[in-house]
Structure formats: C-alpha cells, structure tokens
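Asker: Contents are compact mmCIF, C-alpha atoms; file name model31.txt:
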# COMPACT_ATOMS: atom_id res chain seq x y z
CA MET A 1 9.03 -8.46 -4.68
CA GLY A 2 11.36 -11.08 -3.31
CA LEU A 3 12.28 -9.19 -0.13
CA LYS A 4 13.77 -11.44 2.52
CA LEU A 5 15.25 -10.69 5.97
CA ASP A 6 17.98 -12.93 7.33
CA GLU A 7 20.19 -12.79 10.37
CA VAL A 8 23.70 -12.26 9.09
CA SER A 9 26.07 -15.18 9.56
CA SER A 10 29.53 -14.50 10.95
CA GLU A 11 30.96 -15.07 7.47
CA GLU A 12 28.78 -12.26 6.05
CA VAL A 13 29.32 -9.58 8.71
CA ALA A 14 32.11 -7.94 6.68
CA ASP A 15 29.78 -7.58 3.67
CA VAL A 16 27.03 -5.99 5.77
CA GLU A 17 29.51 -3.66 7.50
CA ALA A 18 30.73 -2.62 4.04
CA PHE A 19 27.10 -1.85 3.12
CA PHE A 20 26.88 0.48 6.14
CA THR A 21 30.23 2.06 5.24
CA GLN A 22 28.89 2.95 1.81
CA SER A 23 26.04 4.80 3.50
CA SER A 24 26.04 7.65 5.99
CA ILE A 25 26.75 5.24 8.86
CA ARG A 26 30.51 5.12 9.35
CA GLU A 27 30.92 3.17 12.57
CA PHE A 28 29.02 1.54 15.38
CA ARG A 29 29.51 3.05 18.80
CA GLU A 30 27.57 2.76 21.99
CA ILE A 31 26.35 6.08 23.34
CA PHE A 32 26.22 5.53 27.08
CA PRO A 33 27.99 7.11 30.04
CA VAL A 34 31.15 5.14 30.84
CA GLU A 35 29.86 4.01 34.24
CA MET A 36 26.64 2.65 32.76
CA ALA A 37 28.49 0.79 29.99
CA ASP A 38 30.98 -0.67 32.49
CA PHE A 39 28.20 -1.85 34.82
CA ALA A 40 26.25 -3.42 31.96
CA ALA A 41 29.34 -5.16 30.58
CA GLU A 42 30.15 -6.57 34.01
CA HIS A 43 26.65 -7.77 34.90
CA PHE A 44 24.77 -8.48 31.66
CA ASP A 45 25.67 -10.50 28.61
CA LYS A 46 25.43 -8.48 25.44
CA ARG A 47 24.28 -10.01 22.20
CA GLU A 48 24.81 -8.29 18.85
CA PHE A 49 22.41 -8.80 15.94
CA PHE A 50 22.91 -8.02 12.26
CA TYR A 51 20.13 -8.51 9.73
CA ALA A 52 20.32 -8.13 5.98
CA ALA A 53 17.42 -7.33 3.67
CA ARG A 54 17.83 -8.79 0.22
CA ASN A 55 15.62 -8.22 -2.78
CA ASN A 56 16.01 -11.04 -5.29
CA GLY A 57 19.42 -11.77 -3.79
CA GLU A 58 20.68 -8.16 -3.84
CA LEU A 59 21.59 -6.56 -0.51
CA VAL A 60 19.21 -3.58 -0.22
CA GLY A 61 19.15 -2.95 3.53
CA ALA A 62 20.78 -3.84 6.80
CA MET A 63 20.19 -3.45 10.51
CA HIS A 64 22.38 -3.64 13.60
CA PHE A 65 21.13 -3.80 17.17
CA SER A 66 22.12 -5.21 20.51
CA ILE A 67 20.31 -6.65 23.51
CA GLN A 68 21.79 -6.32 26.97
CA GLY A 69 20.13 -6.52 30.36
CA GLY A 70 16.66 -6.83 28.84
CA VAL A 71 17.08 -3.68 26.73
CA GLY A 72 17.11 -3.68 22.94
CA HIS A 73 19.24 -0.90 21.49
CA LEU A 74 18.67 -0.18 17.80
CA ALA A 75 22.00 1.11 16.50
CA ALA A 76 21.29 1.49 12.79
CA ILE A 77 18.95 0.73 9.93
CA GLN A 78 20.24 1.58 6.49
CA VAL A 79 18.50 1.12 3.16
CA LYS A 80 19.98 1.45 -0.32
CA LYS A 81 19.40 5.06 -1.35
CA ASP A 82 18.66 4.59 -5.04
CA LEU A 83 15.50 2.54 -4.48
CA PRO A 84 12.02 4.07 -4.89
CA LEU A 85 10.78 5.81 -1.73
CA ASN A 86 7.90 3.38 -1.10
CA LEU A 87 10.27 0.40 -1.34
CA ARG A 88 12.80 2.05 1.01
CA GLU A 89 10.02 2.70 3.53
CA ARG A 90 8.80 -0.90 3.26
CA ILE A 91 12.30 -2.29 3.81
CA ARG A 92 12.89 0.02 6.80
CA HIS A 93 9.57 -0.99 8.31
CA LYS A 94 10.25 -4.71 7.89
CA LEU A 95 13.68 -4.36 9.48
CA PHE A 96 12.23 -2.33 12.35
CA GLN A 97 9.48 -4.90 12.93
CA LYS A 98 12.15 -7.60 13.06
CA PHE A 99 13.96 -5.58 15.76
CA ILE A 100 10.80 -5.35 17.90
CA LYS A 101 9.92 -9.02 17.31
CA THR A 102 13.41 -10.15 18.34
CA CYS A 103 13.31 -7.94 21.45
CA ASN A 104 9.98 -9.49 22.44
CA GLU A 105 11.27 -13.02 21.79
CA LYS A 106 14.33 -12.30 23.97
CA GLU A 107 11.99 -10.97 26.70
CA CYS A 108 13.24 -7.39 26.64
CA HIS A 109 11.38 -4.91 28.80
CA LEU A 110 12.55 -1.85 26.88
CA ALA A 111 13.63 -0.83 23.38
CA LEU A 112 15.58 2.34 22.72
CA VAL A 113 16.99 4.29 19.83
CA TRP A 114 19.16 7.41 19.73
CA ILE A 115 18.27 9.60 16.75
CA PRO A 116 20.84 12.15 15.59
CA TYR A 117 19.07 15.51 15.39
CA GLN A 118 19.66 15.77 11.64
CA TYR A 119 17.39 12.69 11.23
CA ARG A 120 14.57 14.16 13.32
CA ASP A 121 12.04 13.40 10.55
CA ALA A 122 12.36 9.74 11.57
CA ILE A 123 10.99 10.58 15.03
CA ALA A 124 7.40 10.71 13.76
CA TYR A 125 7.75 7.14 12.49
CA TYR A 126 9.07 5.85 15.83
CA ILE A 127 6.39 7.69 17.80
CA LYS A 128 3.76 6.14 15.54
CA GLN A 129 5.29 2.76 16.48
CA GLY A 130 4.77 3.45 20.19
CA PHE A 131 8.07 5.09 21.15
CA LYS A 132 8.14 8.21 23.28
CA LYS A 133 10.68 11.00 23.33
CA GLU A 134 12.64 10.98 26.58
CA PHE A 135 14.96 13.91 26.02
CA THR A 136 17.30 15.71 23.67
CA ALA A 137 20.98 15.53 24.55
CA ARG A 138 22.62 18.73 23.35
CA ASN A 139 26.20 18.54 22.04
CA PHE A 140 26.13 14.93 23.21
CA TRP A 141 28.47 13.19 20.82
CA TYR A 142 30.94 14.93 18.54
CA LYS A 143 29.05 18.18 19.26
CA ASN A 144 25.86 16.74 17.75
CA ASP A 145 22.44 16.69 19.37
CA PHE A 146 20.77 13.29 19.86
CA ILE A 147 17.19 12.45 20.75
CA LEU A 148 16.51 9.41 22.92
CA LEU A 149 13.32 7.47 22.17
CA THR A 150 12.13 4.49 24.24
CA LYS A 151 9.34 1.97 24.13
CA GLU A 152 8.22 -0.31 26.92
CA LEU A 153 7.72 -3.85 25.69
Translate the structure of the given file into structure tokens.
Answerer:
Amino acid sequence: MGLKLDEVSSEEVADVEAFFTQSSIREFREIFPVEMADFAAEHFDKREFFYAARNNGELVGAMHFSIQGGVGHLAAIQVKKDLPLNLRERIRHKLFQKFIKTCNEKECHLALVWIPYQYRDAIAYYIKQGFKKEFTARNFWYKNDFILLTKEL
C-alpha cells in the first residue's frame, strides 16, 4: 500500500476541510470554558496542524489538531468510510501516532481528546494508547455528552 502522511500546505487546507465536510465532522470548534480559552489565547501561541493520508495519491484520511501551552488537542481524525475495516484502522492508527509524535517533538506535557458519547467505542483504543478517562461532561455541547481523555507525555 502506498499510504503516506503529509502535513497539509496552506494551499491544500480547503481540500482537506472539504474531506471533513463530506464526513460526519461538520466544523472545528474548541470545547473549552470561555475564560480558559481567553487566557490561553492571551498567553500561549496556538499552532494548528492538518495532516492528510493519501493512498496512491488518493485522499483517504485527514487529521486536525492544535498545540497550545504545551497541550496537544486532537480535534478530529476522519477516514474514508468505504475502505476495508483493517485499512481504515491502519490509517487511523498512523494518523494518531503522528499526532503523538508531533506533540512529543513540540515538547508537549499533555495530550487530550474530547470524544462525543456516540463514539464511545473509540475510547478503548485511546485507553490502549495510554490515555485515561478524566470525566464525562453531560449535555456539554449542543446537549451532547462528551468524554475527556488525557495522556501525560
């Protein structure tokens, strides 16, 4: 398989965002209390990362995350739905490993991910990767429950 992960250039961001739009991910939003987001924006530079997974040139997966104040926040990983399950899992894993590697390279002390409750099956994967469940936020965002997972790096 010719699977390759590349950081998305500024010229390609629209294509990757379109890939997310075609999936269940409709928009990117930070899920933090206003005070926390304001403090972080004032005191810490925030860097956004987009990665694309291509198989023989075809866009088959994408990832978006940010790093701010030494914390990596995984916003989304999306994989093309019509691929075989084992290939989807491999692509997801490679994207996730790139997230952790980048966080380590940027000297993050913590990685976090908010999992919407309807995707709770993904929690077992993240726990296997060393994340721990911090809490479940009930009716947190648009009346949906979210589960916060963190990993010390």
Asker: Please, what distance in Å, to one decimal, runs between atom CA of A:Glu89 and atom CA of A:Glu48?
Answerer: 24.0 Å
Asker: So how many Å separate atom CA of A:Glu7 and atom CA of A:Phe50, to one decimal?
Answerer: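 Atom CA of A:Phe50 lies at a distance of 5.8 Å from atom CA of A:Glu7.
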Asker: Do you know which residues are at most 12 Å from A:Thr102 counting only C-alpha atoms, after dropping those on the same chain fewer than 2 positions away, and could you put them as a PyMOL selection string?
Answerer: chain A and resi 7+47-51+65-67+70-74+95-100+104-111+153
Asker: Quote the spacing between atom CA of A:Val113 and atom CA of A:Leu85 in Å to one decimal place.
Answerer: 22.5 Å
Asker: Determine the axis-aligned bounding box of all atoms of stretch 98-108 of chain A present in the file, pad each side by 5 Å, and express its centre and edge lengths in Å to one decimal place as lines of an AutoDock Vina configuration file.
Answerer:
center_x = 12.1
center_y = -9.2
center_z = 19.9
size_x = 14.4
size_y = 17.7
size_z = 23.6
Asker: Do you know which residues lie at most 12 Å from (14.2, 8.6, 12.2), with coordinates as in the file and all atoms listed in the file counted, and could you write them as an NGL selection string?
Answerer: :A and (74-78 or 89 or 92-93 or 96 or 113-129 or 131 or 133 or 146-149)
Asker: Could you pull the residues within 9 Å of A:Ala52, counting all atoms listed in the file, minus those fewer than 2 positions along the same chain, as an MDAnalysis selection string?
Answerer: chainID A and resid 4:8 16 50 54 59:63 95
Asker: Give the answer as one residue: which of A:Thr150, A:Glu42, A:Lys143, A:Ala14 has the shortest atom-to-atom distance to A:Leu112, using all atoms listed in the file?
Answerer: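 Of the candidates, the smallest distance to A:Leu112 is held by A:Thr150.
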